[in-house]
Amino acid sequence: MTERPPVRERGATTVADRVVAKISAQAAREALGGVPEGGHRPHASVVVHRDAARISISLELDYPTDIGRRCGAVRGRVRRQVEHLVGMEVHEVTVHVERLHSARTAPSARKGRLA
């Protein structure tokens, strides 16, 4: 009886960039605990080269908030989820804060002029 080659030598699995981007965006939403009122869900773009990814996340946050802490939580969660679910090394996670949402500037609060 012949011995079977190790799993890595029997074939390859390719995960599309868009799948990694969806996993990244979902992980960002989970790290934030939701989307600010009137805001948009996080969006991710990914560049995959061989078995490594560079991920860029665009998101919106409530104001006031600890921007550094929240962005750090997003970076960590995205990295862990992609490495765990896809088995891909993550070289970089860049977070772009596109907008801050204040309770004072929410649609319901925009009735009068703000100082």
# chains A, B, ... in the order shown; residues from 1 in each chain; ligands from 1
>>> residues_around(residues="stretch 86-88 of chain A", least_positions_apart="3", cutoff="6 Å", atoms="only C-alpha atoms", output="PDB file with N, CA, C and O atoms, in the first residue's frame")
ATOM      1  N   ASP A  51       0.130  33.984  -0.266  1.00  0.00           N
ATOM      2  CA  ASP A  51      -0.662  33.656   0.928  1.00  0.00           C
ATOM      3  C   ASP A  51      -0.645  34.788   1.949  1.00  0.00           C
ATOM      4  O   ASP A  51      -0.759  34.553   3.149  1.00  0.00           O
ATOM      5  N   ALA A  52      -0.528  36.027   1.481  1.00  0.00           N
ATOM      6  CA  ALA A  52      -0.486  37.166   2.391  1.00  0.00           C
ATOM      7  C   ALA A  52      -1.424  38.259   1.888  1.00  0.00           C
ATOM      8  O   ALA A  52      -1.596  38.446   0.689  1.00  0.00           O
ATOM      9  N   VAL A  82      -9.222  36.971   9.639  1.00  0.00           N
ATOM     10  CA  VAL A  82      -8.693  36.554   8.336  1.00  0.00           C
ATOM     11  C   VAL A  82      -7.692  35.417   8.517  1.00  0.00           C
ATOM     12  O   VAL A  82      -7.741  34.417   7.796  1.00  0.00           O
ATOM     13  N   GLU A  83      -6.802  35.541   9.490  1.00  0.00           N
ATOM     14  CA  GLU A  83      -5.830  34.469   9.718  1.00  0.00           C
ATOM     15  C   GLU A  83      -6.524  33.180  10.131  1.00  0.00           C
ATOM     16  O   GLU A  83      -6.163  32.100   9.674  1.00  0.00           O
TER      17      GLU A  83
END
>>> residues_around(residues="stretch 29-33 of chain A", least_positions_apart="2", cutoff="6 Å", atoms="only C-alpha atoms", output="list in words")
Gln26, Ala27 and Val74 of chain A
>>> write_last_selection(atoms="N, CA, C and O atoms", output="PDB file, in the first residue's frame")
ATOM      1  N   GLN A  26     -16.893  42.337   7.815  1.00  0.00           N
ATOM      2  CA  GLN A  26     -17.711  41.767   8.889  1.00  0.00           C
ATOM      3  C   GLN A  26     -16.957  41.819  10.215  1.00  0.00           C
ATOM      4  O   GLN A  26     -17.528  42.166  11.250  1.00  0.00           O
ATOM      5  N   ALA A  27     -15.677  41.505  10.199  1.00  0.00           N
ATOM      6  CA  ALA A  27     -14.871  41.561  11.424  1.00  0.00           C
ATOM      7  C   ALA A  27     -14.803  42.988  11.955  1.00  0.00           C
ATOM      8  O   ALA A  27     -14.854  43.211  13.172  1.00  0.00           O
ATOM      9  N   VAL A  74     -10.337  47.301  15.722  1.00  0.00           N
ATOM     10  CA  VAL A  74     -10.690  46.861  14.363  1.00  0.00           C
ATOM     11  C   VAL A  74      -9.509  46.143  13.724  1.00  0.00           C
ATOM     12  O   VAL A  74      -9.660  45.055  13.163  1.00  0.00           O
TER      13      VAL A  74
END
>>> residues_around(residues="A:Val47", least_positions_apart="4", cutoff="10 Å", atoms="only C-alpha atoms", output="list in words")
Asp17, Arg18, Val20, Ala21, Ala52, Ala53, Arg54, Ile55 and Ser56 of chain A
>>> write_last_selection(atoms="N, CA, C and O atoms", output="mmCIF file, in the first residue's frame")
data_model
loop_
_atom_site.group_PDB
_atom_site.id
_atom_site.type_symbol
_atom_site.label_atom_id
_atom_site.label_comp_id
_atom_site.auth_asym_id
_atom_site.auth_seq_id
_atom_site.Cartn_x
_atom_site.Cartn_y
_atom_site.Cartn_z
ATOM 1 N N ASP A 17 -10.077 37.541 -3.521
ATOM 2 C CA ASP A 17 -9.899 38.793 -2.779
ATOM 3 C C ASP A 17 -11.221 39.297 -2.205
ATOM 4 O O ASP A 17 -11.273 39.781 -1.080
ATOM 5 N N ARG A 18 -12.299 39.185 -2.964
ATOM 6 C CA ARG A 18 -13.592 39.706 -2.505
ATOM 7 C C ARG A 18 -14.099 38.947 -1.282
ATOM 8 O O ARG A 18 -14.807 39.509 -0.453
ATOM 9 N N VAL A 20 -12.085 37.629 1.070
ATOM 10 C CA VAL A 20 -11.271 38.160 2.166
ATOM 11 C C VAL A 20 -11.793 39.548 2.561
ATOM 12 O O VAL A 20 -11.857 39.885 3.743
ATOM 13 N N ALA A 21 -12.210 40.345 1.579
ATOM 14 C CA ALA A 21 -12.756 41.673 1.858
ATOM 15 C C ALA A 21 -14.052 41.571 2.653
ATOM 16 O O ALA A 21 -14.276 42.345 3.603
ATOM 17 N N ALA A 52 -0.528 36.027 1.481
ATOM 18 C CA ALA A 52 -0.486 37.166 2.391
ATOM 19 C C ALA A 52 -1.424 38.259 1.888
ATOM 20 O O ALA A 52 -1.596 38.446 0.689
ATOM 21 N N ALA A 53 -2.025 38.975 2.834
ATOM 22 C CA ALA A 53 -2.992 40.019 2.490
ATOM 23 C C ALA A 53 -2.595 41.354 3.094
ATOM 24 O O ALA A 53 -2.026 41.417 4.181
ATOM 25 N N ARG A 54 -2.947 42.402 2.367
ATOM 26 C CA ARG A 54 -2.885 43.777 2.865
ATOM 27 C C ARG A 54 -4.320 44.279 2.787
ATOM 28 O O ARG A 54 -4.942 44.220 1.732
ATOM 29 N N ILE A 55 -4.842 44.744 3.911
ATOM 30 C CA ILE A 55 -6.260 45.066 4.024
ATOM 31 C C ILE A 55 -6.425 46.536 4.385
ATOM 32 O O ILE A 55 -5.723 47.060 5.249
ATOM 33 N N SER A 56 -7.380 47.181 3.736
ATOM 34 C CA SER A 56 -7.722 48.566 4.024
ATOM 35 C C SER A 56 -9.201 48.615 4.394
ATOM 36 O O SER A 56 -10.045 48.151 3.635
#
>>> select_by_dssp(residues="stretch 9-106 of chain A", states="helix (DSSP H, G or I)", output="PyMOL selection string")
chain A and resi 9-10+17-32+67-86+103-105
>>> closest_residue(among="A:Thr65, A:Thr2, A:Ser58, A:Gln81", to="A:Ser24", atoms="only C-alpha atoms")
A:Gln81
>>> atom_distance(atom1="atom CA of A:Ala16", atom2="atom CA of A:Val46")
9.8 Å
>>> residues_around(residues="A:Val35", least_positions_apart="3", cutoff="10 Å", atoms="only C-alpha atoms", output="list in words")
Arg29, Glu30, Leu32, Gly38, Gly39, His40, Arg41, Pro42, Leu59, Glu60, Leu61, Asp62 and His101 of chain A
>>> atom_distance(atom1="atom CA of A:Ala28", atom2="atom CA of A:Arg75")
7.8 Å
>>> decode(residues="stretch 3-21 of chain A", atoms="N, CA, C and O atoms", output="PDB file, in the first residue's frame")
ATOM      1  N   GLU A   3       1.839   5.191   0.523  1.00  0.00           N
ATOM      2  CA  GLU A   3       1.534   6.230   1.498  1.00  0.00           C
ATOM      3  C   GLU A   3       1.061   7.486   0.778  1.00  0.00           C
ATOM      4  O   GLU A   3       1.616   7.879  -0.230  1.00  0.00           O
ATOM      5  N   ARG A   4       0.001   8.101   1.286  1.00  0.00           N
ATOM      6  CA  ARG A   4      -0.531   9.317   0.672  1.00  0.00           C
ATOM      7  C   ARG A   4       0.369  10.509   0.996  1.00  0.00           C
ATOM      8  O   ARG A   4       0.875  10.621   2.105  1.00  0.00           O
ATOM      9  N   PRO A   5       0.541  11.412   0.022  1.00  0.00           N
ATOM     10  CA  PRO A   5       1.353  12.613   0.293  1.00  0.00           C
ATOM     11  C   PRO A   5       0.640  13.526   1.283  1.00  0.00           C
ATOM     12  O   PRO A   5      -0.584  13.463   1.433  1.00  0.00           O
ATOM     13  N   PRO A   6       1.391  14.388   1.961  1.00  0.00           N
ATOM     14  CA  PRO A   6       0.766  15.334   2.899  1.00  0.00           C
ATOM     15  C   PRO A   6      -0.273  16.204   2.195  1.00  0.00           C
ATOM     16  O   PRO A   6      -0.215  16.419   0.986  1.00  0.00           O
ATOM     17  N   VAL A   7      -1.221  16.703   2.963  1.00  0.00           N
ATOM     18  CA  VAL A   7      -2.326  17.506   2.427  1.00  0.00           C
ATOM     19  C   VAL A   7      -1.817  18.664   1.577  1.00  0.00           C
ATOM     20  O   VAL A   7      -2.340  18.927   0.493  1.00  0.00           O
ATOM     21  N   ARG A   8      -0.808  19.366   2.044  1.00  0.00           N
ATOM     22  CA  ARG A   8      -0.298  20.524   1.300  1.00  0.00           C
ATOM     23  C   ARG A   8       0.228  20.154  -0.074  1.00  0.00           C
ATOM     24  O   ARG A   8       0.266  20.991  -0.964  1.00  0.00           O
ATOM     25  N   GLU A   9       0.613  18.928  -0.259  1.00  0.00           N
ATOM     26  CA  GLU A   9       1.154  18.496  -1.547  1.00  0.00           C
ATOM     27  C   GLU A   9       0.082  17.926  -2.476  1.00  0.00           C
ATOM     28  O   GLU A   9       0.349  17.646  -3.628  1.00  0.00           O
ATOM     29  N   ARG A  10      -1.137  17.760  -1.996  1.00  0.00           N
ATOM     30  CA  ARG A  10      -2.200  17.181  -2.813  1.00  0.00           C
ATOM     31  C   ARG A  10      -2.998  18.188  -3.610  1.00  0.00           C
ATOM     32  O   ARG A  10      -3.715  17.817  -4.520  1.00  0.00           O
ATOM     33  N   GLY A  11      -2.928  19.440  -3.298  1.00  0.00           N
ATOM     34  CA  GLY A  11      -3.716  20.412  -4.022  1.00  0.00           C
ATOM     35  C   GLY A  11      -3.592  21.787  -3.402  1.00  0.00           C
ATOM     36  O   GLY A  11      -2.823  21.997  -2.476  1.00  0.00           O
ATOM     37  N   ALA A  12      -4.363  22.698  -3.948  1.00  0.00           N
ATOM     38  CA  ALA A  12      -4.314  24.085  -3.450  1.00  0.00           C
ATOM     39  C   ALA A  12      -5.722  24.635  -3.314  1.00  0.00           C
ATOM     40  O   ALA A  12      -6.625  24.232  -4.044  1.00  0.00           O
ATOM     41  N   THR A  13      -5.881  25.531  -2.382  1.00  0.00           N
ATOM     42  CA  THR A  13      -7.143  26.235  -2.203  1.00  0.00           C
ATOM     43  C   THR A  13      -6.884  27.707  -2.456  1.00  0.00           C
ATOM     44  O   THR A  13      -5.959  28.292  -1.892  1.00  0.00           O
ATOM     45  N   THR A  14      -7.700  28.299  -3.303  1.00  0.00           N
ATOM     46  CA  THR A  14      -7.575  29.723  -3.605  1.00  0.00           C
ATOM     47  C   THR A  14      -8.802  30.440  -3.069  1.00  0.00           C
ATOM     48  O   THR A  14      -9.928  30.032  -3.336  1.00  0.00           O
ATOM     49  N   VAL A  15      -8.569  31.500  -2.320  1.00  0.00           N
ATOM     50  CA  VAL A  15      -9.660  32.307  -1.774  1.00  0.00           C
ATOM     51  C   VAL A  15      -9.626  33.652  -2.497  1.00  0.00           C
ATOM     52  O   VAL A  15      -8.603  34.335  -2.501  1.00  0.00           O
ATOM     53  N   ALA A  16     -10.734  34.020  -3.106  1.00  0.00           N
ATOM     54  CA  ALA A  16     -10.812  35.265  -3.873  1.00  0.00           C
ATOM     55  C   ALA A  16     -10.655  36.477  -2.962  1.00  0.00           C
ATOM     56  O   ALA A  16     -11.073  36.461  -1.798  1.00  0.00           O
ATOM     57  N   ASP A  17     -10.077  37.541  -3.521  1.00  0.00           N
ATOM     58  CA  ASP A  17      -9.899  38.793  -2.779  1.00  0.00           C
ATOM     59  C   ASP A  17     -11.221  39.297  -2.205  1.00  0.00           C
ATOM     60  O   ASP A  17     -11.273  39.781  -1.080  1.00  0.00           O
ATOM     61  N   ARG A  18     -12.299  39.185  -2.964  1.00  0.00           N
ATOM     62  CA  ARG A  18     -13.592  39.706  -2.505  1.00  0.00           C
ATOM     63  C   ARG A  18     -14.099  38.947  -1.282  1.00  0.00           C
ATOM     64  O   ARG A  18     -14.807  39.509  -0.453  1.00  0.00           O
ATOM     65  N   VAL A  19     -13.739  37.670  -1.167  1.00  0.00           N
ATOM     66  CA  VAL A  19     -14.134  36.895   0.011  1.00  0.00           C
ATOM     67  C   VAL A  19     -13.368  37.391   1.234  1.00  0.00           C
ATOM     68  O   VAL A  19     -13.944  37.586   2.307  1.00  0.00           O
ATOM     69  N   VAL A  20     -12.085  37.629   1.070  1.00  0.00           N
ATOM     70  CA  VAL A  20     -11.271  38.160   2.166  1.00  0.00           C
ATOM     71  C   VAL A  20     -11.793  39.548   2.561  1.00  0.00           C
ATOM     72  O   VAL A  20     -11.857  39.885   3.743  1.00  0.00           O
ATOM     73  N   ALA A  21     -12.210  40.345   1.579  1.00  0.00           N
ATOM     74  CA  ALA A  21     -12.756  41.673   1.858  1.00  0.00           C
ATOM     75  C   ALA A  21     -14.052  41.571   2.653  1.00  0.00           C
ATOM     76  O   ALA A  21     -14.276  42.345   3.603  1.00  0.00           O
TER      77      ALA A  21
END
